[in-house]
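Novice: I am attaching a structure below and will ask some questions about it afterwards.
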Amino acid sequence: NQAEQTAGLDRRLQGSGQLGTGEQGSGAEMQPATPSDPTILSVVEPYRERYDYELSQPISILKAPARFAKPEGSLGNLVADALRYRAAEELRKYVHIGVIDEGSFRLHLDEGPITLGEMLEFMPYENHLTILELPGSSVKQLANEIAALGGGPVSGMRFQIRDSRATALLVDAEPIEEPKRYLVATSSWIANGGGPFRALHNPISREDLMTVAIRDLYIDYFRDRDPLEPTTDGRIR
């Protein structure tokens with residue numbers, strides 16, 4: 001597994017000072033370093049050539065440029081769909097919504113091959129997949145918070161924005177039911193209070209999938225869907 005191999009190389013280089021590690025907002029995301037200590041360099045050198053080779057390998061091909069945009073963008077749709085899909089795969093149950101904010105990412109993606117190195121830049125943080133259980137009232141609040149931002153990356157939810165509020169809201173093609181509980185896939189950073197979504201702060205329940213790194217989730221999702229054709233579908237209008 002290419003992601004697993006690279007994770008092992010990451011750990012070696014992190015230990016040598018070549019890469020940082022940490023959750024989003026920790027100030028310890030992946031950063032290039034310039035070690036000059038001969039002992040550190042002697043540790044790094046045996047892995048450098050293999051590491052550079054791994055980073056240069058394409059994992060997928062984009063058939064069109066992918067961008068974040070308002071009220072929805074093709075890249076926002078892609079990253080939110082990936083969260084929701086992986087959460088359902090891990091839980092082996094239906095997950096209603098996937099949501100994340102654009103600030104969790106470093107890059108737009110251009111048409112053509114996407115390398116592993118670009119994916120590490122795209123999502124450089126050590127966040128993991130988190131699934132929250134929310135009541136219908138919180139899902140409505142979440143939709144309104146997304147609408148207040150003018151839109152954003154979301155999956156499983158469709159609505160129109162009117163006066164900065166969500167109208168005609170549907171989840172799973174049905175209106176929200178207040179007593180019903182909904183599963184929402186997001187990143188640990190968002191679930192921990194990072195980002196703009198206060199609706200996620202008090203879930204009924206929370207499940208942290210510590211072994212599913214958000215970065216690896218996207219690497220797997222992109223590789224398994226080669227080639228990728230990013231699209232918008234009117235989920236937010």
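Naming works like this for the structure tokens: A, B, ... for the chains as they're shown, residue 1 at the start of each chain, ligands 1 onward in shown order.
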Can you list every residue of segment 111-143 of chain A that has an atom at most 8 Å from segment 158-179 of chain A, with its nearest atom pair and the distance in Å to one decimal, using only C-alpha atoms, ordered by chain then number, as a tab-separated table?

Specialist:
residue	atom	partner	partner_atom	distance
A:Pro135	CA	A:Pro179	CA	6.3
A:Gly136	CA	A:Glu178	CA	4.2
A:Ser137	CA	A:Glu178	CA	5.5
A:Val139	CA	A:Ile176	CA	7.8
A:Lys140	CA	A:Ile176	CA	7.5
A:Ala143	CA	A:Ala166	CA	5.8

Novice: Just want the 10 Å neighbourhood of Asp208 of chain A, counted on only C-alpha atoms, with same-chain residues fewer than 6 positions away dropped. Output as an MDAnalysis selection string.

Specialist: chainID A and resid 128:132 186:188 191

Novice: Between A:Leu183, A:Val95, A:Leu109, A:Ala148, which residue has the minimum interatomic distance to Glu121 of chain A, considering only C-alpha atoms?

Specialist: A:Leu109

Novice: Quick one: distance from atom CA of Pro203 of chain A to atom CA of Glu145 of chain A in Å, one decimal?

Specialist: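 Distance between the two atoms: 15.9 Å.
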
Novice: Run DSSP on the backbone and tell me which residues of segment 49-90 of chain A come out as strand (DSSP E); list them as a ChimeraX atom specification.

Specialist: /A:58-62

Novice: Need to verify the contact set: Ser60 of chain A, 8 Å, only C-alpha atoms, exclusion of same-chain residues closer than 2 positions in sequence. Can you return it as an MDAnalysis selection string?

Specialist: chainID A and resid 58 62 113:115 222:223 225:228

Novice: Atom CA of Ile100 of chain A and atom CA of Tyr182 of chain A are how many Å apart?

Specialist: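 Calculated distance between atom CA of Ile100 of chain A and atom CA of Tyr182 of chain A is 16.1 Å.
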
Novice: Might you pull out every residue within 12 Å of segment 64-78 of chain A, with only C-alpha atoms counted and same-chain residues fewer than 6 positions away left off, and present them as a PyMOL selection string?

Specialist: chain A and resi 84-85+97-114+122+146-162+164+166+218+221-222+225+227-237

Novice: Those same residues, written as a compact mmCIF listing (two decimals), in the first residue's frame with C-alpha atoms?

Specialist:
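Final file, result-v1.txt:
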# COMPACT_ATOMS: atom_id res chain seq x y z
CA ARG A 84 -18.66 10.34 3.84
CA TYR A 85 -17.72 7.33 1.71
CA ILE A 97 -23.40 13.80 5.76
CA GLY A 98 -19.76 14.63 5.13
CA VAL A 99 -18.48 18.12 5.93
CA ILE A 100 -15.15 19.92 6.19
CA ASP A 101 -13.94 23.48 5.67
CA GLU A 102 -11.68 24.82 2.93
CA GLY A 103 -9.15 25.99 5.50
CA SER A 104 -8.16 22.35 6.09
CA PHE A 105 -6.41 22.26 2.71
CA ARG A 106 -3.32 23.89 1.26
CA LEU A 107 -3.79 23.61 -2.53
CA HIS A 108 -6.15 23.58 -5.46
CA LEU A 109 -5.57 20.67 -7.85
CA ASP A 110 -4.79 21.09 -11.53
CA GLU A 111 -5.83 18.91 -14.43
CA GLY A 112 -3.49 15.97 -15.08
CA PRO A 113 -1.53 13.55 -12.88
CA ILE A 114 -1.59 14.03 -9.10
CA PHE A 122 -2.80 19.23 -0.24
CA ILE A 146 -22.60 26.64 5.79
CA ALA A 147 -25.11 29.00 4.14
CA ALA A 148 -23.82 31.93 6.20
CA LEU A 149 -20.37 31.28 4.69
CA GLY A 150 -21.85 31.34 1.19
CA GLY A 151 -21.48 27.57 0.81
CA GLY A 152 -18.70 25.05 1.35
CA PRO A 153 -17.60 21.42 1.09
CA VAL A 154 -20.54 19.18 2.06
CA SER A 155 -21.87 15.79 0.98
CA GLY A 156 -25.29 14.21 1.47
CA MET A 157 -27.02 17.54 2.00
CA ARG A 158 -28.80 19.74 -0.57
CA PHE A 159 -30.19 23.22 -0.01
CA GLN A 160 -30.66 26.70 -1.41
CA ILE A 161 -29.16 29.82 0.14
CA ARG A 162 -31.58 32.66 0.74
CA SER A 164 -27.55 33.71 4.16
CA ALA A 166 -30.40 27.37 4.18
CA TYR A 218 -7.78 11.15 0.43
CA TYR A 221 -9.97 7.70 -2.40
CA PHE A 222 -8.12 9.39 -5.27
CA ARG A 225 -11.00 6.39 -8.58
CA PRO A 227 -9.16 8.86 -13.37
CA LEU A 228 -11.11 11.44 -11.36
CA GLU A 229 -13.63 13.77 -12.95
CA PRO A 230 -14.46 16.54 -10.45
CA THR A 231 -17.96 17.99 -10.91
CA THR A 232 -20.57 20.21 -9.32
CA ASP A 233 -24.12 18.90 -9.07
CA GLY A 234 -26.21 21.71 -7.57
CA ARG A 235 -26.13 20.40 -4.01
CA ILE A 236 -25.90 24.03 -2.85
CA ARG A 237 -27.65 26.66 -4.96

Novice: Find, counting only C-alpha atoms, the residue in A:Leu116, A:Ala80, A:Leu91, A:Met123 that gets nearest to Glu207 of chain A.

Specialist: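 Counting only C-alpha atoms, the residue closest to Glu207 of chain A is A:Leu91.
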
Novice: Which residue out of A:Leu120, A:Ala82, A:Ala199, A:Met210 has the minimum interatomic distance to Leu134 of chain A when only C-alpha atoms are used?

Specialist: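 Nearest to Leu134 of chain A: A:Ala199.
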
Novice: Go through A:Asn127, A:Asn202, A:Asn192, A:Thr39 and flag the residue nearest Leu142 of chain A, using only C-alpha atoms for the distances.

Specialist: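 Checking each candidate against Leu142 of chain A, we get A:Asn202 as the closest.
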
Novice: Please identify the helix (DSSP H, G or I) residues within segment 116-167 of chain A (assignment by DSSP from backbone atoms) and present them as a PyMOL selection string.

Specialist: chain A and resi 116-122+136-148

Novice: Could you work out how far atom CA of Arg181 of chain A lies from atom CA of Arg215 of chain A, giving the answer in Å with one decimal?

Specialist: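 We find that atom CA of Arg215 of chain A and atom CA of Arg181 of chain A lie 27.8 Å from each other.
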